file work15.cif (mmCIF, N, CA and C atoms)
data_target
loop_
_atom_site.label_atom_id
_atom_site.label_comp_id
_atom_site.auth_asym_id
_atom_site.auth_seq_id
_atom_site.Cartn_x
_atom_site.Cartn_y
_atom_site.Cartn_z
N MET A 9 66.32 91.15 74.81
CA MET A 9 66.14 89.74 74.58
C MET A 9 67.04 88.98 75.53
N SER A 10 66.55 87.96 76.15
CA SER A 10 67.37 87.17 77.07
C SER A 10 68.26 86.24 76.27
N ASP A 11 69.26 85.66 76.95
CA ASP A 11 70.18 84.76 76.28
C ASP A 11 69.50 83.52 75.75
N SER A 12 68.34 83.11 76.29
CA SER A 12 67.68 81.88 75.89
C SER A 12 66.65 82.06 74.77
N ALA A 13 66.22 83.28 74.49
CA ALA A 13 65.20 83.51 73.48
C ALA A 13 65.80 83.44 72.08
N ALA A 14 65.08 82.82 71.17
CA ALA A 14 65.54 82.71 69.79
C ALA A 14 65.04 83.91 69.00
N PRO A 15 65.89 84.50 68.14
CA PRO A 15 65.44 85.63 67.33
C PRO A 15 64.40 85.19 66.30
N ALA A 16 63.54 86.10 65.92
CA ALA A 16 62.55 85.83 64.88
C ALA A 16 63.26 85.62 63.55
N PRO A 17 62.68 84.82 62.65
CA PRO A 17 63.29 84.61 61.34
C PRO A 17 63.52 85.94 60.63
N GLY A 18 64.69 86.14 60.05
CA GLY A 18 65.03 87.37 59.34
C GLY A 18 65.44 88.52 60.24
N SER A 19 65.34 88.34 61.54
CA SER A 19 65.70 89.38 62.51
C SER A 19 67.21 89.45 62.67
N LYS A 20 67.68 90.61 63.07
CA LYS A 20 69.10 90.78 63.38
C LYS A 20 69.32 90.80 64.89
N ALA A 21 68.33 90.29 65.62
CA ALA A 21 68.40 90.26 67.08
C ALA A 21 69.49 89.30 67.55
N LYS A 22 70.06 89.61 68.72
CA LYS A 22 71.08 88.78 69.34
C LYS A 22 70.79 88.75 70.84
N SER A 23 71.41 87.83 71.52
CA SER A 23 71.33 87.80 72.98
C SER A 23 72.18 88.92 73.55
N ASP A 24 71.97 89.26 74.82
CA ASP A 24 72.81 90.29 75.47
C ASP A 24 74.28 89.92 75.40
N SER A 25 74.61 88.66 75.60
CA SER A 25 76.03 88.27 75.57
C SER A 25 76.61 88.44 74.16
N GLU A 26 75.81 88.17 73.12
CA GLU A 26 76.28 88.39 71.75
C GLU A 26 76.47 89.88 71.48
N TRP A 27 75.53 90.72 71.96
CA TRP A 27 75.67 92.17 71.77
C TRP A 27 76.90 92.69 72.51
N ARG A 28 77.13 92.21 73.72
CA ARG A 28 78.31 92.66 74.49
C ARG A 28 79.62 92.33 73.75
N ALA A 29 79.62 91.28 72.97
CA ALA A 29 80.81 90.87 72.24
C ALA A 29 81.10 91.78 71.04
N VAL A 30 80.07 92.46 70.51
CA VAL A 30 80.27 93.27 69.30
C VAL A 30 80.12 94.78 69.53
N LEU A 31 79.56 95.19 70.65
CA LEU A 31 79.41 96.62 70.95
C LEU A 31 80.35 97.02 72.07
N ASN A 32 80.84 98.27 72.03
CA ASN A 32 81.63 98.73 73.17
C ASN A 32 80.69 99.04 74.34
N LYS A 33 81.25 99.33 75.49
CA LYS A 33 80.46 99.50 76.71
C LYS A 33 79.41 100.60 76.57
N GLU A 34 79.79 101.74 76.00
CA GLU A 34 78.85 102.86 75.84
C GLU A 34 77.78 102.55 74.79
N GLN A 35 78.16 101.91 73.69
CA GLN A 35 77.17 101.50 72.70
C GLN A 35 76.15 100.54 73.32
N PHE A 36 76.62 99.59 74.12
CA PHE A 36 75.72 98.64 74.76
C PHE A 36 74.76 99.38 75.70
N ARG A 37 75.29 100.33 76.48
CA ARG A 37 74.47 101.09 77.43
C ARG A 37 73.34 101.84 76.71
N VAL A 38 73.66 102.46 75.58
CA VAL A 38 72.66 103.25 74.86
C VAL A 38 71.75 102.35 74.01
N LEU A 39 72.33 101.52 73.18
CA LEU A 39 71.55 100.71 72.24
C LEU A 39 70.74 99.60 72.90
N ARG A 40 71.29 98.95 73.93
CA ARG A 40 70.62 97.79 74.52
C ARG A 40 69.94 98.11 75.85
N GLU A 41 70.44 99.12 76.59
CA GLU A 41 69.87 99.46 77.89
C GLU A 41 69.11 100.78 77.86
N LYS A 42 68.89 101.32 76.67
CA LYS A 42 68.10 102.54 76.46
C LYS A 42 68.68 103.77 77.15
N GLY A 43 70.00 103.86 77.14
CA GLY A 43 70.67 105.01 77.72
C GLY A 43 70.64 106.21 76.77
N THR A 44 71.23 107.31 77.22
CA THR A 44 71.32 108.54 76.42
C THR A 44 72.71 109.11 76.56
N GLU A 45 73.30 109.51 75.45
CA GLU A 45 74.59 110.19 75.54
C GLU A 45 74.34 111.65 75.92
N ARG A 46 75.34 112.28 76.51
CA ARG A 46 75.19 113.68 76.92
C ARG A 46 75.01 114.58 75.69
N ALA A 47 74.15 115.57 75.83
CA ALA A 47 73.89 116.52 74.74
C ALA A 47 75.18 117.18 74.29
N GLY A 48 75.32 117.34 72.98
CA GLY A 48 76.46 118.05 72.41
C GLY A 48 77.76 117.27 72.35
N THR A 49 77.74 116.02 72.75
CA THR A 49 78.98 115.24 72.77
C THR A 49 79.09 114.26 71.61
N GLY A 50 78.01 114.05 70.88
CA GLY A 50 77.99 113.03 69.83
C GLY A 50 78.68 113.45 68.55
N GLU A 51 79.24 112.46 67.90
CA GLU A 51 79.99 112.65 66.65
C GLU A 51 79.15 113.24 65.52
N TYR A 52 77.86 112.96 65.48
CA TYR A 52 77.03 113.36 64.34
C TYR A 52 76.11 114.54 64.59
N ASP A 53 76.19 115.16 65.75
CA ASP A 53 75.33 116.30 66.05
C ASP A 53 75.48 117.41 65.01
N LYS A 54 76.69 117.76 64.68
CA LYS A 54 76.95 118.85 63.73
C LYS A 54 77.59 118.32 62.45
N HIS A 55 77.19 117.16 62.03
CA HIS A 55 77.72 116.47 60.85
C HIS A 55 76.71 116.60 59.72
N TYR A 56 77.15 117.14 58.56
CA TYR A 56 76.20 117.39 57.48
C TYR A 56 76.69 116.94 56.11
N GLU A 57 77.44 115.85 56.04
CA GLU A 57 77.83 115.29 54.75
C GLU A 57 76.64 114.56 54.14
N GLU A 58 76.70 114.35 52.82
CA GLU A 58 75.64 113.60 52.15
C GLU A 58 75.92 112.11 52.28
N GLY A 59 74.87 111.36 52.64
CA GLY A 59 75.02 109.92 52.78
C GLY A 59 73.90 109.33 53.59
N VAL A 60 74.19 108.19 54.22
CA VAL A 60 73.17 107.46 54.97
C VAL A 60 73.68 107.13 56.36
N TYR A 61 72.82 107.32 57.34
CA TYR A 61 73.10 106.96 58.74
C TYR A 61 72.48 105.59 58.99
N SER A 62 73.29 104.66 59.48
CA SER A 62 72.85 103.28 59.72
C SER A 62 72.94 102.95 61.20
N CYS A 63 72.26 101.89 61.59
CA CYS A 63 72.29 101.42 62.98
C CYS A 63 73.71 100.95 63.31
N ALA A 64 74.27 101.46 64.39
CA ALA A 64 75.62 101.08 64.81
C ALA A 64 75.68 99.63 65.28
N ALA A 65 74.55 99.06 65.64
CA ALA A 65 74.54 97.67 66.11
C ALA A 65 74.48 96.68 64.96
N CYS A 66 73.56 96.89 64.00
CA CYS A 66 73.34 95.87 62.98
C CYS A 66 73.60 96.32 61.55
N GLY A 67 73.84 97.62 61.34
CA GLY A 67 74.16 98.12 60.00
C GLY A 67 72.98 98.45 59.12
N THR A 68 71.77 98.33 59.63
CA THR A 68 70.57 98.64 58.83
C THR A 68 70.50 100.14 58.55
N PRO A 69 70.33 100.56 57.28
CA PRO A 69 70.15 101.98 56.97
C PRO A 69 68.89 102.53 57.64
N LEU A 70 69.04 103.67 58.34
CA LEU A 70 67.94 104.26 59.10
C LEU A 70 67.49 105.62 58.59
N TYR A 71 68.45 106.50 58.29
CA TYR A 71 68.14 107.88 57.91
C TYR A 71 69.01 108.32 56.74
N LYS A 72 68.41 109.08 55.82
CA LYS A 72 69.18 109.73 54.76
C LYS A 72 69.59 111.11 55.25
N SER A 73 70.75 111.56 54.82
CA SER A 73 71.24 112.88 55.24
C SER A 73 70.31 113.99 54.80
N THR A 74 69.52 113.76 53.78
CA THR A 74 68.58 114.79 53.29
C THR A 74 67.46 115.06 54.28
N THR A 75 67.29 114.19 55.29
CA THR A 75 66.26 114.42 56.31
C THR A 75 66.85 114.96 57.62
N LYS A 76 68.15 115.21 57.65
CA LYS A 76 68.80 115.73 58.86
C LYS A 76 68.68 117.26 58.86
N PHE A 77 68.47 117.83 60.04
CA PHE A 77 68.36 119.29 60.14
C PHE A 77 68.96 119.79 61.45
N LYS A 78 69.25 121.08 61.48
CA LYS A 78 69.82 121.72 62.66
C LYS A 78 68.70 122.09 63.61
N SER A 79 68.62 121.37 64.73
CA SER A 79 67.55 121.64 65.70
C SER A 79 68.07 122.38 66.92
N GLY A 80 69.38 122.32 67.15
CA GLY A 80 69.95 122.95 68.34
C GLY A 80 69.74 122.16 69.61
N CYS A 81 69.29 120.91 69.50
CA CYS A 81 68.96 120.11 70.70
C CYS A 81 70.19 119.42 71.31
N GLY A 82 71.29 119.33 70.57
CA GLY A 82 72.48 118.68 71.10
C GLY A 82 72.65 117.24 70.65
N TRP A 83 71.71 116.74 69.86
CA TRP A 83 71.79 115.40 69.28
C TRP A 83 71.44 115.52 67.80
N PRO A 84 71.86 114.56 66.98
CA PRO A 84 71.43 114.57 65.58
C PRO A 84 69.91 114.57 65.49
N ALA A 85 69.37 115.39 64.61
CA ALA A 85 67.92 115.50 64.44
C ALA A 85 67.55 115.22 62.99
N PHE A 86 66.54 114.40 62.81
CA PHE A 86 66.03 114.04 61.49
C PHE A 86 64.52 114.26 61.50
N PHE A 87 63.95 114.63 60.34
CA PHE A 87 62.50 114.81 60.31
C PHE A 87 61.77 113.57 59.82
N ASP A 88 62.50 112.56 59.34
CA ASP A 88 61.86 111.32 58.92
C ASP A 88 62.91 110.23 58.76
N ALA A 89 62.48 108.98 58.89
CA ALA A 89 63.36 107.83 58.74
C ALA A 89 63.12 107.17 57.39
N ILE A 90 64.03 106.30 56.99
CA ILE A 90 63.83 105.46 55.82
C ILE A 90 62.60 104.58 56.12
N PRO A 91 61.64 104.49 55.22
CA PRO A 91 60.40 103.73 55.50
C PRO A 91 60.69 102.31 56.02
N GLY A 92 60.06 102.00 57.15
CA GLY A 92 60.16 100.68 57.76
C GLY A 92 61.40 100.44 58.61
N ALA A 93 62.34 101.37 58.63
CA ALA A 93 63.60 101.16 59.33
C ALA A 93 63.52 101.41 60.83
N VAL A 94 62.59 102.27 61.24
CA VAL A 94 62.49 102.69 62.64
C VAL A 94 61.10 102.34 63.18
N THR A 95 61.07 101.80 64.39
CA THR A 95 59.81 101.45 65.05
C THR A 95 59.59 102.38 66.23
N ARG A 96 58.35 102.78 66.44
CA ARG A 96 57.99 103.68 67.54
C ARG A 96 57.34 102.89 68.67
N HIS A 97 57.68 103.27 69.90
CA HIS A 97 57.12 102.64 71.10
C HIS A 97 56.79 103.74 72.12
N GLU A 98 55.72 103.55 72.88
CA GLU A 98 55.42 104.47 73.97
C GLU A 98 56.43 104.26 75.09
N ASP A 99 56.99 105.34 75.60
CA ASP A 99 57.99 105.31 76.67
C ASP A 99 57.44 106.15 77.83
N ARG A 100 57.20 105.52 78.97
CA ARG A 100 56.63 106.21 80.13
C ARG A 100 57.65 106.37 81.25
N THR A 101 58.94 106.36 80.92
CA THR A 101 59.97 106.54 81.95
C THR A 101 60.06 108.00 82.36
N PHE A 102 60.64 108.24 83.51
CA PHE A 102 60.90 109.59 84.04
C PHE A 102 59.64 110.41 84.24
N GLY A 103 58.50 109.74 84.49
CA GLY A 103 57.26 110.44 84.80
C GLY A 103 56.63 111.20 83.65
N MET A 104 56.95 110.83 82.43
CA MET A 104 56.37 111.50 81.25
C MET A 104 56.10 110.46 80.18
N THR A 105 55.33 110.82 79.18
CA THR A 105 55.08 109.95 78.04
C THR A 105 55.79 110.52 76.83
N ARG A 106 56.67 109.71 76.26
CA ARG A 106 57.41 110.10 75.06
C ARG A 106 57.28 108.96 74.05
N THR A 107 57.76 109.19 72.84
CA THR A 107 57.78 108.16 71.81
C THR A 107 59.23 107.75 71.58
N GLU A 108 59.55 106.53 72.01
CA GLU A 108 60.89 105.98 71.79
C GLU A 108 60.98 105.46 70.36
N ILE A 109 62.17 105.57 69.77
CA ILE A 109 62.41 104.98 68.45
C ILE A 109 63.52 103.95 68.56
N THR A 110 63.30 102.81 67.89
CA THR A 110 64.28 101.73 67.87
C THR A 110 64.50 101.27 66.44
N CYS A 111 65.62 100.63 66.20
CA CYS A 111 65.91 100.01 64.91
C CYS A 111 64.94 98.83 64.75
N THR A 112 64.20 98.82 63.67
CA THR A 112 63.24 97.75 63.44
C THR A 112 63.94 96.40 63.33
N ALA A 113 65.12 96.36 62.74
CA ALA A 113 65.82 95.09 62.48
C ALA A 113 66.37 94.44 63.74
N CYS A 114 66.94 95.23 64.65
CA CYS A 114 67.61 94.62 65.81
C CYS A 114 67.06 95.08 67.16
N GLY A 115 66.16 96.08 67.16
CA GLY A 115 65.59 96.58 68.40
C GLY A 115 66.47 97.55 69.15
N GLY A 116 67.58 97.96 68.57
CA GLY A 116 68.49 98.90 69.24
C GLY A 116 67.83 100.25 69.48
N HIS A 117 68.03 100.79 70.70
CA HIS A 117 67.48 102.11 71.07
C HIS A 117 68.20 103.20 70.30
N LEU A 118 67.43 104.06 69.65
CA LEU A 118 68.00 105.17 68.89
C LEU A 118 67.82 106.49 69.62
N GLY A 119 66.65 106.73 70.18
CA GLY A 119 66.34 107.99 70.84
C GLY A 119 64.84 108.15 70.96
N HIS A 120 64.35 109.37 70.70
CA HIS A 120 62.92 109.68 70.82
C HIS A 120 62.46 110.58 69.69
N VAL A 121 61.16 110.55 69.41
CA VAL A 121 60.54 111.44 68.42
C VAL A 121 59.71 112.47 69.17
N PHE A 122 59.83 113.71 68.75
CA PHE A 122 59.04 114.81 69.31
C PHE A 122 58.26 115.45 68.18
N LYS A 123 56.99 115.72 68.41
CA LYS A 123 56.11 116.28 67.39
C LYS A 123 55.65 117.68 67.78
N GLY A 124 55.31 118.46 66.76
CA GLY A 124 54.66 119.74 66.99
C GLY A 124 55.52 120.81 67.61
N GLU A 125 56.82 120.74 67.39
CA GLU A 125 57.72 121.74 67.97
C GLU A 125 57.88 122.97 67.08
N GLY A 126 57.30 122.92 65.88
CA GLY A 126 57.31 124.08 65.00
C GLY A 126 58.53 124.20 64.10
N PHE A 127 59.33 123.15 63.98
CA PHE A 127 60.47 123.20 63.06
C PHE A 127 59.94 123.24 61.63
N ASP A 128 60.63 123.95 60.77
CA ASP A 128 60.22 124.10 59.38
C ASP A 128 60.68 122.87 58.59
N THR A 129 60.00 121.75 58.83
CA THR A 129 60.29 120.50 58.15
C THR A 129 58.98 119.93 57.60
N PRO A 130 59.05 119.03 56.65
CA PRO A 130 57.82 118.48 56.06
C PRO A 130 56.93 117.72 57.04
N THR A 131 57.50 117.18 58.12
CA THR A 131 56.71 116.33 59.04
C THR A 131 56.41 117.00 60.38
N ASP A 132 57.06 118.12 60.68
CA ASP A 132 56.97 118.76 62.01
C ASP A 132 57.29 117.75 63.11
N GLU A 133 58.26 116.87 62.81
CA GLU A 133 58.76 115.92 63.80
C GLU A 133 60.26 116.10 63.93
N ARG A 134 60.75 115.76 65.12
CA ARG A 134 62.20 115.74 65.36
C ARG A 134 62.56 114.37 65.93
N HIS A 135 63.26 113.58 65.12
CA HIS A 135 63.81 112.32 65.60
C HIS A 135 65.14 112.69 66.26
N CYS A 136 65.16 112.66 67.56
CA CYS A 136 66.33 113.03 68.36
C CYS A 136 67.10 111.73 68.62
N VAL A 137 68.24 111.56 67.93
CA VAL A 137 68.94 110.27 67.89
C VAL A 137 70.32 110.39 68.53
N ASN A 138 70.66 109.41 69.35
CA ASN A 138 72.01 109.34 69.92
C ASN A 138 73.02 109.05 68.82
N SER A 139 74.08 109.85 68.72
CA SER A 139 75.12 109.61 67.72
C SER A 139 75.71 108.22 67.85
N ILE A 140 75.88 107.76 69.08
CA ILE A 140 76.52 106.46 69.31
C ILE A 140 75.67 105.31 68.78
N SER A 141 74.40 105.56 68.49
CA SER A 141 73.51 104.55 67.91
C SER A 141 73.65 104.50 66.39
N LEU A 142 74.46 105.39 65.81
CA LEU A 142 74.57 105.53 64.36
C LEU A 142 75.99 105.31 63.85
N ASN A 143 76.06 104.89 62.60
CA ASN A 143 77.27 104.95 61.78
C ASN A 143 76.88 105.70 60.53
N PHE A 144 77.86 106.34 59.90
CA PHE A 144 77.58 107.13 58.70
C PHE A 144 78.37 106.59 57.52
N GLY A 145 77.70 106.52 56.38
CA GLY A 145 78.36 106.17 55.12
C GLY A 145 78.15 107.29 54.13
N ALA A 146 79.25 107.87 53.65
CA ALA A 146 79.17 108.98 52.70
C ALA A 146 78.59 108.51 51.38
N ASP A 147 77.90 109.41 50.71
CA ASP A 147 77.34 109.13 49.39
C ASP A 147 78.44 109.43 48.38
N GLU A 148 79.02 108.38 47.84
CA GLU A 148 80.14 108.54 46.89
C GLU A 148 79.70 109.25 45.61
N ASN A 149 78.45 109.06 45.19
CA ASN A 149 77.95 109.73 44.01
C ASN A 149 77.88 111.24 44.19
N ALA A 150 77.52 111.68 45.40
CA ALA A 150 77.43 113.12 45.68
C ALA A 150 78.80 113.77 45.60
N LYS A 151 79.86 113.05 45.99
CA LYS A 151 81.22 113.61 45.97
C LYS A 151 81.73 113.77 44.54
N LYS A 152 81.23 112.97 43.60
CA LYS A 152 81.70 113.01 42.21
C LYS A 152 81.05 114.12 41.42
N GLU A 153 79.92 114.63 41.89
CA GLU A 153 79.18 115.66 41.14
C GLU A 153 79.80 117.02 41.30
#
call {"tool": "encode", "arguments": {"input": "work15.cif", "output": "structure tokens"}}
result
Amino acid sequence: MSDSAAPAPGSKAKSDSEWRAVLNKEQFRVLREKGTERAGTGEYDKHYEEGVYSCAACGTPLYKSTTKFKSGCGWPAFFDAIPGAVTRHEDRTFGMTRTEITCTACGGHLGHVFKGEGFDTPTDERHCVNSISLNFGADENAKKE
């Protein structure tokens, strides 16, 4: 979104200058410029606590820990998102067609979805998400049980 465009009603969209004020340089590169963190370097790749993963830009809940699985890809992998939280877009960069996923609320780049890879999950999908695009909140109820 350019600095002059107004966000849609109810949207968590901001101008680039507003995003630069609240995101660090690497978060801005990934979330706003559709970058990718290096495989195996993200905080949540091998993180398996119970709770919810939210958008690092706007705080919208995106994924429940119950949908996270070990894919070995080097990024956090989920087989499904919280309904309505993630939007899919065709991505034709790098000479291939992929499905990009973004936060529905703010448009922040999360990663890509891959289908039909044969993982033993209910959807046979892998949402390959940059850790830097996420924040995690532990499920306090799970810790009390």
call {"tool": "closest_residue", "arguments": {"input": "work15.cif", "among": "A:His135, A:Arg106, A:Arg46, A:His120", "to": "A:Gly82", "atoms": "all atoms listed in the file"}}
result
A:Arg46
call {"tool": "resolve_selection", "arguments": {"input": "work15.cif", "expression": "the PyMOL selection byres (((chain A and resi 59 and name CA) around 12) and name CA)", "output": "VMD selection string"}}
result
chain A and resid 55 to 58 60 to 62 69 to 76 143 to 151
call {"tool": "resolve_selection", "arguments": {"input": "work15.cif", "expression": "the PyMOL selection byres ((chain A and resi 117) around 7)", "output": "list in words"}}
result
Val38, Leu39, Arg40, Glu41, Lys42, Gly43, Ile109, Thr110, Cys111, Cys114, Gly115, Gly116, Leu118, Gly119, Asn138 and Ser141 of chain A
call {"tool": "closest_residue", "arguments": {"input": "work15.cif", "among": "A:Ile90, A:Cys63, A:Ala47, A:Ala113", "to": "A:Ala21", "atoms": "only N, CA and C atoms"}}
result
A:Ala113
call {"tool": "resolve_selection", "arguments": {"input": "work15.cif", "expression": "the PyMOL selection byres (((chain A and resi 128-130 and name CA) around 12) and name CA)", "output": "list in words"}}
result
Thr74, Thr75, Lys76, Phe77, Lys78, Ser79, Ala85, Phe86, Phe87, Asp88, Lys123, Gly124, Glu125, Gly126, Phe127, Thr131, Asp132, Glu133, Arg134 and His135 of chain A
call {"tool": "residues_around", "arguments": {"input": "work15.cif", "residues": "A:Gly48", "least_positions_apart": "2", "cutoff": "8 Å", "atoms": "only N, CA and C atoms", "output": "list of chain:residue names"}}
result
A:Glu45, A:Arg46, A:Gly50, A:Glu51, A:Asp53, A:Lys54, A:Cys81, A:Gly82, A:Trp83, A:Pro84
call {"tool": "write_last_selection", "arguments": {"input": "work15.cif", "atoms": "N, CA and C atoms", "output": "mmCIF file, in the frame of the given file"}}
result
data_model
loop_
_atom_site.group_PDB
_atom_site.id
_atom_site.type_symbol
_atom_site.label_atom_id
_atom_site.label_comp_id
_atom_site.auth_asym_id
_atom_site.auth_seq_id
_atom_site.Cartn_x
_atom_site.Cartn_y
_atom_site.Cartn_z
ATOM 1 N N GLU A 45 73.300 109.510 75.450
ATOM 2 C CA GLU A 45 74.590 110.190 75.540
ATOM 3 C C GLU A 45 74.340 111.650 75.920
ATOM 4 N N ARG A 46 75.340 112.280 76.510
ATOM 5 C CA ARG A 46 75.190 113.680 76.920
ATOM 6 C C ARG A 46 75.010 114.580 75.690
ATOM 7 N N GLY A 50 78.010 114.050 70.880
ATOM 8 C CA GLY A 50 77.990 113.030 69.830
ATOM 9 C C GLY A 50 78.680 113.450 68.550
ATOM 10 N N GLU A 51 79.240 112.460 67.900
ATOM 11 C CA GLU A 51 79.990 112.650 66.650
ATOM 12 C C GLU A 51 79.150 113.240 65.520
ATOM 13 N N ASP A 53 76.190 115.160 65.750
ATOM 14 C CA ASP A 53 75.330 116.300 66.050
ATOM 15 C C ASP A 53 75.480 117.410 65.010
ATOM 16 N N LYS A 54 76.690 117.760 64.680
ATOM 17 C CA LYS A 54 76.950 118.850 63.730
ATOM 18 C C LYS A 54 77.590 118.320 62.450
ATOM 19 N N CYS A 81 69.290 120.910 69.500
ATOM 20 C CA CYS A 81 68.960 120.110 70.700
ATOM 21 C C CYS A 81 70.190 119.420 71.310
ATOM 22 N N GLY A 82 71.290 119.330 70.570
ATOM 23 C CA GLY A 82 72.480 118.680 71.100
ATOM 24 C C GLY A 82 72.650 117.240 70.650
ATOM 25 N N TRP A 83 71.710 116.740 69.860
ATOM 26 C CA TRP A 83 71.790 115.400 69.280
ATOM 27 C C TRP A 83 71.440 115.520 67.800
ATOM 28 N N PRO A 84 71.860 114.560 66.980
ATOM 29 C CA PRO A 84 71.430 114.570 65.580
ATOM 30 C C PRO A 84 69.910 114.570 65.490
#
call {"tool": "atom_distance", "arguments": {"input": "work15.cif", "atom1": "atom CA of A:Val30", "atom2": "atom N of A:Ala64"}}
result
11.3 Å
call {"tool": "atom_distance", "arguments": {"input": "work15.cif", "atom1": "atom C of A:Gln35", "atom2": "atom CA of A:Ile140"}}
result
7.2 Å
call {"tool": "residues_around", "arguments": {"input": "work15.cif", "residues": "A:Thr112", "least_positions_apart": "5", "cutoff": "5 Å", "atoms": "only N, CA and C atoms", "output": "VMD selection string"}}
result
chain A and resid 93 to 95
call {"tool": "select_by_dssp", "arguments": {"input": "work15.cif", "residues": "stretch 41-152 of chain A", "states": "alpha helix (DSSP H)", "output": "mmCIF file with N, CA and C atoms, in the frame of the given file"}}
result
data_model
loop_
_atom_site.group_PDB
_atom_site.id
_atom_site.type_symbol
_atom_site.label_atom_id
_atom_site.label_comp_id
_atom_site.auth_asym_id
_atom_site.auth_seq_id
_atom_site.Cartn_x
_atom_site.Cartn_y
_atom_site.Cartn_z
ATOM 1 N N GLU A 148 79.020 108.380 47.840
ATOM 2 C CA GLU A 148 80.140 108.540 46.890
ATOM 3 C C GLU A 148 79.700 109.250 45.610
ATOM 4 N N ASN A 149 78.450 109.060 45.190
ATOM 5 C CA ASN A 149 77.950 109.730 44.010
ATOM 6 C C ASN A 149 77.880 111.240 44.190
ATOM 7 N N ALA A 150 77.520 111.680 45.400
ATOM 8 C CA ALA A 150 77.430 113.120 45.680
ATOM 9 C C ALA A 150 78.800 113.770 45.600
ATOM 10 N N LYS A 151 79.860 113.050 45.990
ATOM 11 C CA LYS A 151 81.220 113.610 45.970
ATOM 12 C C LYS A 151 81.730 113.770 44.540
ATOM 13 N N LYS A 152 81.230 112.970 43.600
ATOM 14 C CA LYS A 152 81.700 113.010 42.210
ATOM 15 C C LYS A 152 81.050 114.120 41.420
#
call {"tool": "atom_distance", "arguments": {"input": "work15.cif", "atom1": "atom CA of A:Glu98", "atom2": "atom C of A:Phe122"}}
result
12.7 Å
